[in-house]
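Here's final-v3.txt, which has compact mmCIF, C-alpha atoms:
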```txt
# COMPACT_ATOMS: atom_id res chain seq x y z
CA MET A 1 0.00 0.00 0.00
CA PRO A 2 1.81 3.16 -1.17
CA VAL A 3 1.78 6.58 0.44
CA SER A 4 -0.62 8.93 -1.35
CA GLU A 5 1.35 11.29 -3.56
CA THR A 6 -1.86 13.21 -4.28
CA ASN A 7 -2.62 13.93 -0.64
CA SER A 8 1.04 14.58 0.16
CA HIS A 9 0.94 17.20 -2.60
CA LEU A 10 -2.25 18.65 -1.15
CA LEU A 11 -0.63 18.88 2.28
CA HIS A 12 2.39 20.63 0.80
CA GLN A 13 0.16 23.13 -1.05
CA THR A 14 -1.89 23.73 2.09
CA LEU A 15 1.21 24.55 4.13
CA LYS A 16 2.16 27.08 1.50
CA ALA A 17 -1.34 28.53 1.31
CA CYS A 18 -1.24 29.02 5.09
CA GLY A 19 1.94 31.07 4.86
CA ILE A 20 4.24 28.45 6.39
CA GLN A 21 7.81 29.47 5.55
CA VAL A 22 9.82 27.13 7.78
CA VAL A 23 9.23 23.39 8.18
CA SER A 24 11.27 21.17 10.47
CA ALA A 25 10.93 17.47 9.91
CA LEU A 26 12.14 14.02 10.68
CA PRO A 27 11.29 11.39 8.09
CA GLU A 28 8.77 8.65 8.73
CA SER A 29 7.55 6.52 5.83
CA TRP A 30 4.20 8.33 5.52
CA LEU A 31 5.98 11.70 5.52
CA VAL A 32 8.71 10.95 3.00
CA PRO A 33 6.86 12.25 -0.12
CA VAL A 34 5.67 15.50 1.48
CA ILE A 35 9.12 16.16 2.95
CA ARG A 36 10.62 15.60 -0.50
CA MET A 37 8.13 18.05 -2.06
CA ILE A 38 8.91 20.69 0.59
CA GLY A 39 12.62 20.13 0.09
CA ASP A 40 12.17 20.88 -3.61
CA ASP A 41 10.16 24.04 -2.93
CA PRO A 42 12.32 27.19 -2.73
CA ARG A 43 9.51 29.07 -0.96
CA ILE A 44 9.70 26.90 2.16
CA ARG A 45 12.84 26.42 4.25
CA LEU A 46 13.11 22.76 5.20
CA ILE A 47 15.23 21.86 8.23
CA ARG A 48 15.94 18.17 8.66
CA VAL A 49 16.43 17.43 12.36
CA ALA A 50 18.08 14.55 14.17
CA LYS A 51 15.40 14.37 16.88
CA GLU A 52 11.92 15.84 17.16
CA GLU A 53 12.70 17.92 20.27
CA GLU A 54 14.70 20.22 18.02
CA CYS A 55 11.55 21.04 16.04
CA VAL A 56 10.03 22.75 19.08
CA GLY A 57 13.07 25.00 19.45
CA ILE A 58 13.18 25.79 15.73
CA SER A 59 9.49 26.72 15.69
CA ALA A 60 9.98 28.88 18.79
CA GLY A 61 12.84 30.77 17.13
CA ALA A 62 10.83 31.28 13.94
CA HIS A 63 7.81 32.47 15.93
CA PHE A 64 9.90 34.98 17.88
CA ALA A 65 10.99 36.40 14.52
CA GLY A 66 7.39 36.54 13.28
CA VAL A 67 7.70 33.67 10.81
CA LYS A 68 5.10 30.91 10.51
CA SER A 69 6.43 27.39 10.83
CA ALA A 70 5.29 23.79 11.03
CA MET A 71 6.62 20.52 12.40
CA LEU A 72 6.27 17.27 10.43
CA ILE A 73 6.82 14.36 12.79
CA PRO A 74 5.57 10.85 13.54
CA ASN A 75 3.59 10.24 16.72
CA HIS A 76 6.57 8.55 18.36
CA GLY A 77 8.41 11.79 17.67
CA PHE A 78 5.64 13.65 19.42
CA LEU A 79 6.23 11.37 22.41
CA ALA A 80 9.93 12.25 22.24
CA ALA A 81 9.13 15.98 22.17
CA VAL A 82 6.83 16.11 25.20
CA ASN A 83 9.39 17.81 27.45
CA PRO A 84 10.05 20.83 25.21
CA ILE A 85 6.35 21.10 24.35
CA VAL A 86 5.74 21.60 28.08
CA SER A 87 8.95 23.35 29.14
CA LEU A 88 9.28 25.63 26.12
CA ALA A 89 6.02 25.95 24.15
CA HIS A 90 3.65 25.94 27.11
CA LEU A 91 5.97 27.84 29.43
CA TYR A 92 6.73 30.59 26.91
CA LYS A 93 3.39 30.63 25.09
CA VAL A 94 4.71 29.52 21.71
CA PRO A 95 2.21 28.38 19.06
CA LEU A 96 3.22 25.14 17.37
CA MET A 97 1.66 23.61 14.28
CA MET A 98 2.45 19.94 14.84
CA PHE A 99 1.57 17.72 11.87
CA ILE A 100 1.78 14.24 13.33
CA ALA A 101 1.71 11.00 11.35
CA TYR A 102 -0.85 9.01 13.32
CA ARG A 103 0.74 5.57 13.16
CA GLY A 104 -0.51 2.52 14.99
CA THR A 105 -4.22 2.99 14.37
CA PHE A 106 -6.84 1.23 12.19
CA GLY A 107 -5.37 0.13 8.89
CA ASP A 108 -1.75 0.15 10.09
CA THR A 109 -0.25 -3.32 9.74
CA TYR A 110 3.08 -2.52 11.43
CA SER A 111 2.47 -3.72 14.95
CA TRP A 112 5.41 -1.90 16.51
CA HIS A 113 3.52 1.37 15.99
CA THR A 114 0.49 0.20 17.97
CA PRO A 115 1.63 1.19 21.50
CA GLY A 116 2.33 4.73 20.30
CA GLY A 117 -0.95 4.83 18.42
CA THR A 118 -2.96 3.97 21.49
CA VAL A 119 -1.43 6.66 23.70
CA THR A 120 -1.29 9.54 21.22
CA GLU A 121 -4.74 11.00 21.81
CA PRO A 122 -4.79 10.38 25.59
CA LEU A 123 -1.44 12.16 25.82
CA LEU A 124 -2.63 15.10 23.72
CA GLN A 125 -5.62 15.35 26.03
CA THR A 126 -3.46 15.14 29.16
CA LEU A 127 -1.25 17.93 27.82
CA ARG A 128 -4.38 19.99 26.98
CA ILE A 129 -3.24 20.23 23.36
CA PRO A 130 -6.13 20.96 20.99
CA TYR A 131 -6.10 18.54 18.06
CA THR A 132 -8.02 17.46 15.02
CA MET A 133 -7.84 14.69 12.43
CA LEU A 134 -6.71 15.32 8.90
CA ASP A 135 -8.57 12.41 7.34
CA SER A 136 -9.90 13.66 4.02
CA PRO A 137 -8.66 15.91 1.23
CA GLU A 138 -11.92 17.87 1.22
CA SER A 139 -11.63 19.16 4.78
CA LEU A 140 -7.83 19.39 4.98
CA GLU A 141 -7.21 23.06 4.21
CA ARG A 142 -10.15 24.28 6.31
CA ARG A 143 -8.97 22.28 9.34
CA VAL A 144 -5.37 23.44 8.98
CA ARG A 145 -6.48 27.09 8.72
CA ASP A 146 -8.73 26.72 11.74
CA ALA A 147 -5.93 25.08 13.74
CA GLN A 148 -3.56 27.88 12.78
CA ALA A 149 -6.12 30.50 13.78
CA LEU A 150 -6.45 28.98 17.24
CA ALA A 151 -2.70 28.45 17.70
CA ASP A 152 -1.85 32.01 16.70
CA ALA A 153 -4.64 33.63 18.70
CA SER A 154 -4.08 31.61 21.87
CA LEU A 155 -0.29 31.10 21.56
CA LEU A 156 -0.74 27.36 22.01
CA PRO A 157 0.70 24.22 20.49
CA VAL A 158 -1.91 22.41 18.38
CA ALA A 159 -1.79 19.00 16.71
CA LEU A 160 -3.05 17.85 13.33
CA LEU A 161 -3.17 14.07 13.15
CA LEU A 162 -2.43 12.74 9.66
CA THR A 163 -4.48 9.58 9.43
CA HIS A 164 -3.94 6.34 7.52
CA GLU A 165 -7.01 7.18 5.45
CA LEU A 166 -5.45 10.45 4.25
CA MET A 167 -1.85 9.39 3.85
CA MET A 168 -2.16 5.92 2.27
CA GLU A 169 -3.68 4.90 -1.03
CA ALA A 170 -6.73 2.64 -0.61
CA MET B 1 39.22 31.68 32.98
CA ASN B 2 35.79 32.57 34.29
CA ARG B 3 32.70 32.66 32.13
CA ILE B 4 31.70 36.12 33.31
CA GLU B 5 35.09 37.48 32.22
CA CYS B 6 34.43 36.08 28.76
CA LEU B 7 30.95 37.61 28.71
CA ARG B 8 32.30 41.00 29.78
CA ALA B 9 34.98 40.82 27.08
CA VAL B 10 32.46 40.35 24.25
CA TYR B 11 29.51 42.23 25.76
CA PRO B 12 29.91 45.29 23.50
CA GLN B 13 29.73 43.02 20.45
CA LEU B 14 26.43 41.56 21.62
CA GLU B 15 24.63 44.90 21.36
CA LYS B 16 23.67 44.47 17.70
CA ARG B 17 23.20 40.69 17.78
CA VAL B 18 20.28 38.43 18.52
CA VAL B 19 21.36 36.49 21.60
CA VAL B 20 19.94 33.28 23.09
CA THR B 21 21.34 31.89 26.34
CA ILE B 22 20.71 28.76 28.35
CA MET B 23 19.37 28.83 31.88
CA GLY B 24 21.38 29.06 35.08
CA ALA B 25 24.65 30.86 35.54
CA VAL B 26 25.06 31.96 31.90
CA ALA B 27 21.71 33.74 31.94
CA ILE B 28 22.30 35.25 35.37
CA GLU B 29 25.79 36.48 34.57
CA LEU B 30 24.81 38.06 31.24
CA GLN B 31 21.83 39.73 32.88
CA SER B 32 24.05 40.99 35.70
CA ILE B 33 26.31 42.72 33.17
CA GLY B 34 23.28 44.40 31.66
CA HIS B 35 20.05 43.17 30.15
CA ARG B 36 19.13 44.21 26.62
CA PRO B 37 15.94 43.58 24.65
CA ASN B 38 17.89 41.46 22.16
CA PHE B 39 18.77 38.89 24.87
CA PHE B 40 16.55 35.85 25.41
CA TYR B 41 17.27 33.67 28.43
CA LEU B 42 15.92 30.18 27.85
CA GLN B 43 14.89 28.99 31.28
CA HIS B 44 14.25 25.24 31.24
CA ALA B 45 14.08 23.23 27.95
CA MET B 46 17.74 22.27 28.33
CA GLY B 47 19.51 21.61 25.06
CA LEU B 48 17.32 23.72 22.83
CA ALA B 49 19.05 27.11 22.85
CA SER B 50 20.83 26.26 19.60
CA SER B 51 17.59 24.98 18.04
CA ILE B 52 15.92 28.30 18.88
CA GLY B 53 18.99 29.98 17.41
CA LEU B 54 18.51 28.00 14.20
CA GLY B 55 14.83 29.00 13.96
CA LEU B 56 15.89 32.62 14.39
CA ALA B 57 18.75 32.27 11.91
CA VAL B 58 16.60 31.01 9.04
CA SER B 59 13.95 33.65 9.81
CA LEU B 60 16.34 36.61 10.22
CA GLN B 61 18.92 35.89 7.58
CA GLU B 62 20.46 39.37 7.70
CA GLN B 63 21.26 39.02 11.42
CA ARG B 64 24.05 37.23 13.24
CA ILE B 65 22.60 34.98 15.93
CA VAL B 66 24.71 34.31 19.03
CA VAL B 67 23.87 31.25 21.12
CA LEU B 68 25.46 31.03 24.57
CA ASP B 69 25.26 27.34 25.44
CA GLY B 70 26.88 25.06 28.01
CA ASP B 71 28.42 21.60 28.00
CA GLY B 72 25.58 19.97 29.97
CA SER B 73 22.93 21.50 27.74
CA LEU B 74 24.71 20.64 24.49
CA LEU B 75 25.25 17.05 25.63
CA MET B 76 21.46 16.75 25.95
CA ASN B 77 21.03 17.61 22.28
CA LEU B 78 24.19 16.63 20.43
CA GLY B 79 22.13 16.02 17.29
CA THR B 80 21.75 19.79 17.03
CA LEU B 81 25.33 19.98 15.74
CA SER B 82 24.60 17.84 12.68
CA THR B 83 21.28 19.65 12.18
CA LEU B 84 23.05 23.03 12.27
CA ALA B 85 25.84 21.80 10.00
CA HIS B 86 23.42 20.67 7.30
CA SER B 87 20.78 23.39 7.71
CA GLY B 88 22.47 25.80 5.34
CA ALA B 89 22.42 28.51 8.03
CA SER B 90 25.72 30.35 8.24
CA ASN B 91 24.68 33.21 10.52
CA ILE B 92 25.08 31.50 13.90
CA VAL B 93 27.91 31.75 16.39
CA HIS B 94 27.36 28.92 18.84
CA VAL B 95 29.42 29.50 21.98
CA VAL B 96 29.68 26.58 24.37
CA PHE B 97 30.90 27.42 27.88
CA ASP B 98 32.41 24.12 28.96
CA ASN B 99 32.93 24.01 32.73
CA GLN B 100 32.82 20.19 32.82
CA SER B 101 29.98 20.33 35.30
CA TYR B 102 26.22 20.42 35.82
CA LEU B 103 27.02 23.35 38.06
CA SER B 104 23.53 24.74 38.59
CA ALA B 105 22.34 21.29 39.67
CA GLY B 106 24.99 20.88 42.35
CA ASP B 107 28.31 20.53 40.53
CA SER B 108 28.20 16.98 39.16
CA PRO B 109 30.72 16.21 36.41
CA THR B 110 29.63 16.07 32.77
CA ALA B 111 31.22 13.79 30.18
CA THR B 112 33.61 16.58 29.18
CA ALA B 113 35.26 16.16 32.59
CA GLN B 114 36.32 12.73 31.30
CA SER B 115 37.18 12.65 27.62
CA THR B 116 34.34 14.06 25.51
CA ASP B 117 35.65 16.83 23.26
CA LEU B 118 32.79 19.07 22.16
CA GLU B 119 34.82 20.98 19.59
CA GLY B 120 35.82 17.61 18.11
CA VAL B 121 32.17 16.51 18.04
CA ALA B 122 31.21 19.78 16.34
CA ARG B 123 33.97 19.42 13.74
CA ALA B 124 33.08 15.80 13.05
CA SER B 125 29.42 16.79 12.73
CA GLY B 126 30.31 19.01 9.79
CA ILE B 127 30.35 22.47 11.43
CA PRO B 128 32.50 24.48 8.99
CA HIS B 129 34.36 26.57 11.57
CA THR B 130 35.22 25.45 15.09
CA ALA B 131 37.55 26.81 17.75
CA SER B 132 38.48 26.39 21.40
CA ALA B 133 39.62 29.05 23.86
CA ARG B 134 41.42 28.70 27.18
CA SER B 135 42.06 32.35 28.00
CA VAL B 136 39.89 35.47 27.84
CA GLU B 137 42.14 36.89 25.12
CA GLU B 138 41.80 33.74 23.03
CA PHE B 139 38.04 33.80 23.52
CA GLN B 140 37.73 37.46 22.57
CA THR B 141 39.79 36.94 19.43
CA ALA B 142 37.97 33.76 18.41
CA PHE B 143 34.57 35.35 19.01
CA ALA B 144 35.42 38.42 16.92
CA SER B 145 36.79 36.19 14.19
CA ALA B 146 33.60 34.09 14.22
CA LEU B 147 31.40 37.17 13.89
CA ASP B 148 33.52 38.50 11.04
CA SER B 149 33.85 35.20 9.20
CA GLY B 150 30.19 34.85 8.27
CA LYS B 151 30.57 31.12 8.80
CA LEU B 152 28.57 28.88 11.05
CA THR B 153 30.86 28.58 14.06
CA VAL B 154 31.05 26.52 17.23
CA LEU B 155 33.39 28.09 19.79
CA VAL B 156 34.10 26.06 22.91
CA ALA B 157 35.28 28.17 25.85
CA HIS B 158 36.92 26.13 28.59
CA VAL B 159 35.93 27.91 31.78
CA ASP B 160 36.29 27.36 35.51
CA THR B 161 33.57 25.67 37.50
CA SER B 162 32.29 28.85 39.11
CA GLY B 163 29.17 30.90 38.88
CA VAL B 164 26.62 33.12 40.56
CA TYR B 165 23.16 32.11 41.59
CA ASP B 166 21.18 35.18 42.64
CA ARG B 167 18.93 36.53 39.92
CA PRO B 168 20.06 40.09 39.26
CA THR B 169 16.68 41.52 38.18
CA ASP B 170 12.99 40.75 38.46
CA LEU B 171 12.65 40.26 34.69
CA GLY B 172 9.89 37.69 34.22
CA LEU B 173 10.02 34.82 31.73
CA LEU B 174 7.15 36.04 29.61
CA GLU B 175 8.27 39.67 29.85
CA ASN B 176 11.64 38.60 28.46
CA ARG B 177 10.00 36.47 25.77
CA PHE B 178 7.65 39.18 24.46
CA GLN B 179 10.26 41.94 24.67
CA PHE B 180 12.70 39.75 22.74
CA SER B 181 10.09 38.75 20.21
CA ARG B 182 9.12 42.38 19.55
CA HIS B 183 12.78 43.22 19.09
CA CYS B 184 13.29 40.37 16.59
CA GLN B 185 10.18 41.35 14.66
CA SER B 186 11.36 44.97 14.48
CA LEU B 187 14.58 43.66 12.88
CA ALA B 188 12.54 41.62 10.38
CA ARG B 189 10.66 44.75 9.28
CA ARG B 190 13.81 46.77 8.58
```

Can you dump the structure from the file as structure tokens?
Amino acid sequence: MPVSETNSHLLHQTLKACGIQVVSALPESWLVPVIRMIGDDPRIRLIRVAKEEECVGISAGAHFAGVKSAMLIPNHGFLAAVNPIVSLAHLYKVPLMMFIAYRGTFGDTYSWHTPGGTVTEPLLQTLRIPYTMLDSPESLERRVRDAQALADASLLPVALLLTHELMMEA
Amino acid sequence: MNRIECLRAVYPQLEKRVVVTIMGAVAIELQSIGHRPNFFYLQHAMGLASSIGLGLAVSLQEQRIVVLDGDGSLLMNLGTLSTLAHSGASNIVHVVFDNQSYLSAGDSPTATAQSTDLEGVARASGIPHTASARSVEEFQTAFASALDSGKLTVLVAHVDTSGVYDRPTDLGLLENRFQFSRHCQSLARR
């Protein structure tokens, strides 16, 4: 089952339409095509990180300078970034646009992702991080714009969960 | 050499830079010399001062970003060195005050007290310009050279295990954050 090039392209175009100029990312198989598209786009600065915690710092720096940014990470990377989300983004009121590949849920046949899949939403709820699903091309741009509106107005991290349904071909 | 002597020696050159420090003694000592709106003191989130510096660097490409880091903090995020090296950002001077100790947490030794060589790690990570300093004069010269070079630089300053602990002002975290942010955004508009 291949990753959807069409929806990866749509995600890339949506980021651009929302004024995102800096993207930090760590590859995960669902994210490889969209990261490649962003890397080829001279209008977005792609920063490839070694660990997802760095993304929180990069987004904070960009925000302080008035530049819109996004993070492209898998949900296990979100787990790895919990400390800076709390001790930097929450503490200093930094909006984060966290696009999270929602591995380990229905449709995912790689069982090692399942433990992370089952704790992702409970952890987002525990951290009081507003989140929504990106599960169809029709609603994608509207949901991203609404998430950005909330993040920027409230200076909060928000999460957009990229589902199997959106990211994988049927 | 002491860290605060190094900070005093380069303080005039920080006036026109965007400066990010780590928490603890570095933040306290710089603030005690004199706070400026272009200084951001990252309290907590150990390891991420250089990542914030990178976000600033790609967003404010006309500015030189100075990160004042420490050995304990950098060891928590060594991957930042390879990220910086391959980010394409050249406008960062990443100073690492290496006192071989988690001093603020009670003076426990870090790995640099044994054999870890942070300048060597930076060089091997692909940072184009690295240097080490063991005297205030060496530090001052290396810092000026890094600012002038226009190259991404990691400068490791080997300092004594000493520091101050009393906060010199009542500057609040969010006050510092919003003042700094307004300053950075005024630079972006110029």

Inset, instruction - For Val136 of chain B, please output as an NGL selection string all residues within 9 Å (counting all atoms listed in the file; exclusion window: fewer than 3 positions along the same chain). - result: :B and (1-3 or 5-6 or 9 or 133 or 139-141 or 157)

List every residue of chain B that has an atom at most 10 Å from any atom of chain A, giving for each one its closest atom pair and the distance in Å to one decimal, counting all atoms listed in the file, sorted by chain and then by ascending residue number, as CSV.
```
residue,atom,partner,partner_atom,distance
B:Val20,CA,A:Gly61,CA,9.6
B:Leu42,CA,A:Leu88,CA,8.2
B:Gln43,CA,A:Leu88,CA,8.3
B:His44,CA,A:Ser87,CA,6.0
B:Ala45,CA,A:Ser87,CA,5.3
B:Met46,CA,A:Pro84,CA,8.4
B:Gly47,CA,A:Glu54,CA,8.6
B:Leu48,CA,A:Gly57,CA,5.6
B:Ala49,CA,A:Gly57,CA,7.2
B:Ser50,CA,A:Gly57,CA,7.9
B:Ser51,CA,A:Gly57,CA,4.7
B:Ile52,CA,A:Gly61,CA,4.3
B:Gly53,CA,A:Gly61,CA,6.2
B:Leu54,CA,A:Ile58,CA,6.0
B:Gly55,CA,A:Ile58,CA,4.0
B:Leu56,CA,A:Gly61,CA,4.5
B:Ala57,CA,A:Gly61,CA,8.0
B:Val58,CA,A:Ala62,CA,7.6
B:Ser59,CA,A:Ala62,CA,5.7
B:Leu60,CA,A:Ala65,CA,6.9
B:Asn77,CA,A:Glu54,CA,8.1
B:Leu78,CA,A:Ala50,CA,9.0
B:Gly79,CA,A:Ala50,CA,5.3
B:Thr80,CA,A:Ala50,CA,7.0
B:Leu81,CA,A:Ala50,CA,9.2
B:Ser82,CA,A:Ala50,CA,7.5
B:Thr83,CA,A:Val49,CA,5.3
B:Leu84,CA,A:Val49,CA,8.7
B:His86,CA,A:Arg48,CA,8.0
B:Ser87,CA,A:Ile47,CA,5.8
B:Gly88,CA,A:Ile47,CA,8.7
B:Ala89,CA,A:Ile47,CA,9.8
B:Leu173,CA,A:Tyr92,CA,7.2
B:Leu174,CA,A:Tyr92,CA,6.1
B:Glu175,CA,A:Tyr92,CA,9.7
B:Asn176,CA,A:Tyr92,CA,9.5
B:Arg177,CA,A:Tyr92,CA,6.8
B:Phe178,CA,A:Phe64,CA,8.1
B:Gln179,CA,A:Phe64,CA,9.7
B:Phe180,CA,A:Phe64,CA,7.4
B:Ser181,CA,A:Phe64,CA,4.4
B:Arg182,CA,A:Phe64,CA,7.6
B:His183,CA,A:Ala65,CA,8.4
B:Cys184,CA,A:Ala65,CA,5.0
B:Gln185,CA,A:Ala65,CA,5.0
B:Ser186,CA,A:Ala65,CA,8.6
B:Leu187,CA,A:Ala65,CA,8.3
B:Ala188,CA,A:Ala65,CA,6.8
B:Arg189,CA,A:Gly66,CA,9.7
```

Inset, instruction - Work out how far atom CA of Met133 of chain A is from atom CA of Leu160 of chain A, in Å to one decimal. - result: 5.8 Å

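For the set B:Leu75, B:Val19, B:Val66, B:Ala144, the residue with the smallest atom-to-atom gap to Asn91 of chain B is B:Val66, counting all atoms listed in the file.
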
Give me the box for segment 8-11 of chain A as AutoDock Vina command-line options, namely the centre and edge lengths in Å to one decimal of a box along x, y and z that holds every listed atom plus 4 Å on each side.
```
--center_x -0.6 --center_y 16.7 --center_z -0.2 --size_x 11.3 --size_y 12.3 --size_z 12.9
```

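Our summary of the geometry notes that atom CA of Arg134 of chain B is positioned 10.6 Å from atom CA of Phe97 of chain B.
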
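Here the question is which of B:Phe143, B:Val156, B:Ala113, B:Glu29 gets nearest to Leu14 of chain B using all atoms listed in the file, and that residue is B:Phe143.
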